[in-house]
Amino acid sequence: MSGEIKHEWPLFEVFVRAKRGLNHVHVGSLRAADHEMALHHARDLYTRRNEGVSIWVVRSDDVVASGPDEKDAFFAPSGDKVYRHPTYYAIPDSVPHI
Amino acid sequence: MSFDDAYQSLTDHDDDARWAYGTGFSDPLAGVPTALPDGVDGAALAAYCLMIGDDALIMSHRLQQWVTRAPELEDEMALANIGLDLLGQARLLLTRAGEAEGAGRDEDALAYLRDASDFRHVRLVERADADFAHLIARLLVFATWRLALLDRLSASRDPVLAAIGAKGVKEVAYHRDYAAGWTVRLGDGTDLSHQRMQAAVDEVWPLLGELFEPHATELALAGVAVDPSTVRAECDAVFSQVLHAATLDTPAAPPASGVSTTVSAVTGGAVLSEGAVLVPAPTGGAASGDASARLGGRGRDGVHGAELGEILEELQGLARANPGGVW
């Protein structure tokens with residue numbers, strides 16, 4: 001093991017897939033000493049009520065997020081492009097997750 | 001499975017609209033016949049269910065005592081989950097014991113209204129933990145042993161025990177993983193964590209002999225119960241693998257037979273190492289009482305230490321003070 005002792009474990013983000021065919025969804029975060037422990041902790045914290053069939057964990061440090069300063073440049077231009085929405089099509093009742 | 005519509009396969013479990021997640025729960029004993037199998041003695045089956053049910057009940061209680069005391073929030077949840085798994089197993093087994101006994105006692109009567117000398121668990125599960133390393137050492141031994149027993153039990157001639165075994169295997173496999181992971185982390189960690197993990201293993205090891213010593217009840221129920229001496233080699237292989245990965249020394253294992261004499265010989269060592277414990281027990285006044293009384297007899301015959309008295313006071317106090325009370 002590496003020499004330096006850290007007194008606080010690093011933060012991990014947890015993604016859980018509820019069932020086959022759905023996407024992994026961010027459910028929260030936790031602290032753990034490494035990736036393996038993070039997976040175990042995620043299982044214990046976020047799937048106790050039968051929530052998942054698959055877990056991803058990612059070091060929070062490795063997540064790159066867009067900043068509030070970039071909000072306009074990033075998101076405002078899509079506000080008036082109504083033609084990008086496929087509203088013409090009727091969605092069948094049997095398609096639950098759009 | 002085949003569906004006319006591909007999306008149906010995603011939604012077929014949505015039978016309860018209140019929950020965003022977690023539908024599709026199942027009863028582990030659904031459809032399992034509860035009648036006693038032919039030729040099985042009800043009293044013997046009840047006694048056996050009490051043994052392995054009490055193992056789970058008392059170990060669960062010790063795990064629950066770690067809630068609010070664990071080193072990290074995440075581990076607190078892990079320990080609580082493990083305790084709840086074992087409590088679930090205890091409930092099924094005590095219920096089965098009551099059915100087999102046929103005297104009208106249910107799981108609550110057996111858990112709350114029995115005296116210490118009527119409990120049949122092995123001494124390993126009642127021991128108070130001096131620190132987190134002690135808990136991990138106990139859990140490693142307990143889960144490895146119980147996993148092997150439940151695996152064999154899933155082929156029991158009693159359909160209820162077989163179903164409980166099959167359900168428990170999946171739970172206890174995770175408990176063993178958790179304990180093995182921490183054993184390696186602490187053993188192969190810093191000098192201090194290594195030293196404390198080794199001390200914990202050294203103190204827990206003298207309690208191993210009892211786990212693999214077959215009891216008359218187990219031997220009388222061939223095909224229904226599991227003879228624990230048959231899982232010794234498998235468990236020893238796991239212990240050796242985990243302790244080796246953790247860079248820990250395996251203490252000399254007590255032999256599987258002659259527990260009462262062997263254990264008294266190692267009592268001195270156990271007491272000495274108790275005096276060397278660095279951190280106070282999370283339960284307060286743990287490890288008190290006469291050590292020779294604690295280690296001198298078999299838990300399976302109802303011989304327990306003062307530690308069990310403390311557990312039962314906590315476990316049974318409310319139920320005994322309010323007979324028949326419900327929430």
# chains A, B, ... in the order shown; residues from 1 in each chain; ligands from 1

call {"tool": "residues_around", "arguments": {"residues": "segment 298-307 of chain B", "least_positions_apart": "5", "cutoff": "6 Å", "atoms": "only C-alpha atoms", "output": "list in words"}}
result
Ser117, Asp118, Phe119, Arg120, His121, Val122, Arg123 and Gly289 of chain B

call {"tool": "closest_atom_pairs", "arguments": {"of": "chain A", "to": "chain B", "cutoff": "9 Å", "atoms": "only C-alpha atoms", "output": "tab-separated table"}}
result
residue	atom	partner	partner_atom	distance
A:Met1	CA	B:Gly189	CA	6.5
A:Gly3	CA	B:Thr190	CA	8.6
A:Ile5	CA	B:Thr190	CA	8.7
A:Ala18	CA	B:Tyr21	CA	6.9
A:Lys19	CA	B:Leu10	CA	7.2
A:Arg20	CA	B:Leu10	CA	7.0
A:Gly21	CA	B:Leu10	CA	6.9
A:Leu22	CA	B:Leu10	CA	8.2
A:Leu30	CA	B:Glu74	CA	7.4
A:Arg31	CA	B:Glu74	CA	7.3
A:Ala32	CA	B:Glu74	CA	8.0
A:Met37	CA	B:Gly181	CA	8.4
A:His40	CA	B:Tyr178	CA	7.9
A:His41	CA	B:Glu74	CA	5.9
A:Ala42	CA	B:Glu74	CA	8.5
A:Arg43	CA	B:Ala78	CA	8.7
A:Asp44	CA	B:Ala78	CA	5.4
A:Leu45	CA	B:Met77	CA	6.5
A:Thr47	CA	B:Gly22	CA	8.7
A:Arg48	CA	B:Asn81	CA	7.9
A:Arg49	CA	B:Gly22	CA	5.5
A:Asn50	CA	B:Gly22	CA	4.4
A:Glu51	CA	B:Gly22	CA	4.8
A:Gly52	CA	B:Gly22	CA	7.9
A:Ser94	CA	B:Tyr7	CA	6.7
A:Val95	CA	B:Tyr7	CA	6.2
A:Pro96	CA	B:Tyr7	CA	7.6

call {"tool": "residues_around", "arguments": {"residues": "Pro10 of chain A", "least_positions_apart": "2", "cutoff": "9 Å", "atoms": "only C-alpha atoms", "output": "ChimeraX atom specification"}}
result
/A:8,12,30-34,59-61

call {"tool": "write_last_selection", "arguments": {"atoms": "N, CA and C atoms", "output": "CSV table (one decimal), in the first residue's frame"}}
result
chain,number,residue,atom,x,y,z
A,8,GLU,N,-9.3,11.0,5.2
A,8,GLU,CA,-10.7,11.0,4.7
A,8,GLU,C,-10.7,10.3,3.3
A,12,PHE,N,-16.9,9.2,-4.3
A,12,PHE,CA,-17.3,8.5,-5.6
A,12,PHE,C,-18.8,8.8,-5.9
A,30,LEU,N,-20.8,8.6,-2.3
A,30,LEU,CA,-20.3,7.9,-1.1
A,30,LEU,C,-18.8,8.0,-1.0
A,31,ARG,N,-18.3,7.7,0.2
A,31,ARG,CA,-16.9,7.7,0.4
A,31,ARG,C,-16.4,6.3,0.5
A,32,ALA,N,-15.2,6.0,-0.1
A,32,ALA,CA,-14.6,4.7,-0.1
A,32,ALA,C,-13.1,4.8,-0.3
A,33,ALA,N,-12.4,3.8,0.1
A,33,ALA,CA,-10.9,3.8,0.0
A,33,ALA,C,-10.5,3.6,-1.4
A,34,ASP,N,-11.2,2.8,-2.2
A,34,ASP,CA,-10.9,2.5,-3.6
A,34,ASP,C,-12.1,2.1,-4.3
A,59,ARG,N,-14.9,8.0,-9.7
A,59,ARG,CA,-14.3,8.9,-8.8
A,59,ARG,C,-14.9,10.3,-9.1
A,60,SER,N,-15.4,11.0,-8.1
A,60,SER,CA,-16.0,12.3,-8.3
A,60,SER,C,-15.0,13.3,-9.0
A,61,ASP,N,-13.7,13.1,-8.6
A,61,ASP,CA,-12.6,13.9,-9.2
A,61,ASP,C,-12.6,13.8,-10.7

call {"tool": "atom_distance", "arguments": {"atom1": "atom CA of Asp151 of chain B", "atom2": "atom CA of Ala252 of chain B"}}
result
26.4 Å

call {"tool": "atom_distance", "arguments": {"atom1": "atom CA of Met51 of chain B", "atom2": "atom CA of Ala237 of chain B"}}
result
24.7 Å

call {"tool": "residues_around", "arguments": {"residues": "Ala46 of chain B", "least_positions_apart": "3", "cutoff": "7 Å", "atoms": "only C-alpha atoms", "output": "short mmCIF file (atom, residue, chain, number, x, y, z; two decimals) with all heavy atoms, in the first residue's frame"}}
result
data_model
loop_
_atom_site.label_atom_id
_atom_site.label_comp_id
_atom_site.auth_asym_id
_atom_site.auth_seq_id
_atom_site.Cartn_x
_atom_site.Cartn_y
_atom_site.Cartn_z
N GLY B 42 -39.77 -34.64 15.05
CA GLY B 42 -40.08 -33.22 15.20
C GLY B 42 -39.24 -32.54 16.27
O GLY B 42 -38.75 -31.43 16.09
N ALA B 43 -39.03 -33.23 17.39
CA ALA B 43 -38.26 -32.62 18.49
C ALA B 43 -36.81 -32.40 18.08
O ALA B 43 -36.22 -31.36 18.39
CB ALA B 43 -38.33 -33.52 19.72
N CYS B 49 -33.09 -26.58 14.36
CA CYS B 49 -33.45 -25.24 13.87
C CYS B 49 -33.09 -24.17 14.90
O CYS B 49 -32.68 -23.06 14.55
CB CYS B 49 -34.94 -25.17 13.55
SG CYS B 49 -35.41 -26.12 12.10
N LEU B 50 -33.24 -24.51 16.19
CA LEU B 50 -32.86 -23.56 17.23
C LEU B 50 -31.36 -23.29 17.20
O LEU B 50 -30.92 -22.15 17.35
CB LEU B 50 -33.23 -24.12 18.61
CG LEU B 50 -34.65 -23.89 19.12
CD1 LEU B 50 -34.74 -24.33 20.57
CD2 LEU B 50 -35.07 -22.43 18.98
N ALA B 97 -38.63 -23.99 13.89
CA ALA B 97 -38.43 -24.71 15.16
C ALA B 97 -39.76 -24.83 15.89
O ALA B 97 -40.10 -25.89 16.42
CB ALA B 97 -37.39 -23.99 16.02
N GLY B 98 -40.52 -23.73 15.92
CA GLY B 98 -41.83 -23.76 16.58
C GLY B 98 -42.78 -24.73 15.92
O GLY B 98 -43.50 -25.48 16.59
N ALA B 100 -41.97 -27.39 14.12
CA ALA B 100 -41.52 -28.77 14.33
C ALA B 100 -41.78 -29.23 15.77
O ALA B 100 -42.08 -30.39 16.02
CB ALA B 100 -40.03 -28.89 14.01
N GLU B 101 -41.66 -28.28 16.70
CA GLU B 101 -41.88 -28.61 18.10
C GLU B 101 -43.36 -28.92 18.37
O GLU B 101 -43.70 -29.80 19.15
CB GLU B 101 -41.44 -27.43 18.97
CG GLU B 101 -41.55 -27.65 20.45
CD GLU B 101 -41.30 -26.35 21.23
OE1 GLU B 101 -41.93 -25.33 20.90
OE2 GLU B 101 -40.47 -26.38 22.15
#

call {"tool": "select_by_dssp", "arguments": {"residues": "chain A", "states": "strand (DSSP E)", "output": "MDAnalysis selection string"}}
result
chainID A and resid 11:17 24:31 54:59

call {"tool": "closest_residue", "arguments": {"among": "A:Ala38, A:Ala90, A:Ala76, A:Val25", "to": "Val58 of chain A", "atoms": "only C-alpha atoms"}}
result
A:Ala38

call {"tool": "atom_distance", "arguments": {"atom1": "atom CA of Ala70 of chain B", "atom2": "atom CA of Leu140 of chain B"}}
result
16.9 Å

call {"tool": "residues_around", "arguments": {"residues": "His24 of chain A", "least_positions_apart": "3", "cutoff": "8 Å", "atoms": "only C-alpha atoms", "output": "list of chain:residue names"}}
result
A:Phe15, A:Val16, A:Arg17, A:Ala18, A:Ser54, A:Ile55, A:Trp56

call {"tool": "closest_residue", "arguments": {"among": "A:Val53, A:Val82, A:Leu39, A:Ala73", "to": "Asn23 of chain A", "atoms": "only C-alpha atoms"}}
result
A:Val53

call {"tool": "select_by_dssp", "arguments": {"residues": "chain A", "states": "helix (DSSP H, G or I)", "output": "PyMOL selection string"}}
result
chain A and resi 35-46+60-62+68-80+82-84

call {"tool": "residues_around", "arguments": {"residues": "Thr230 of chain B", "least_positions_apart": "3", "cutoff": "8 Å", "atoms": "only C-alpha atoms", "output": "PyMOL selection string"}}
result
chain B and resi 212+227+233
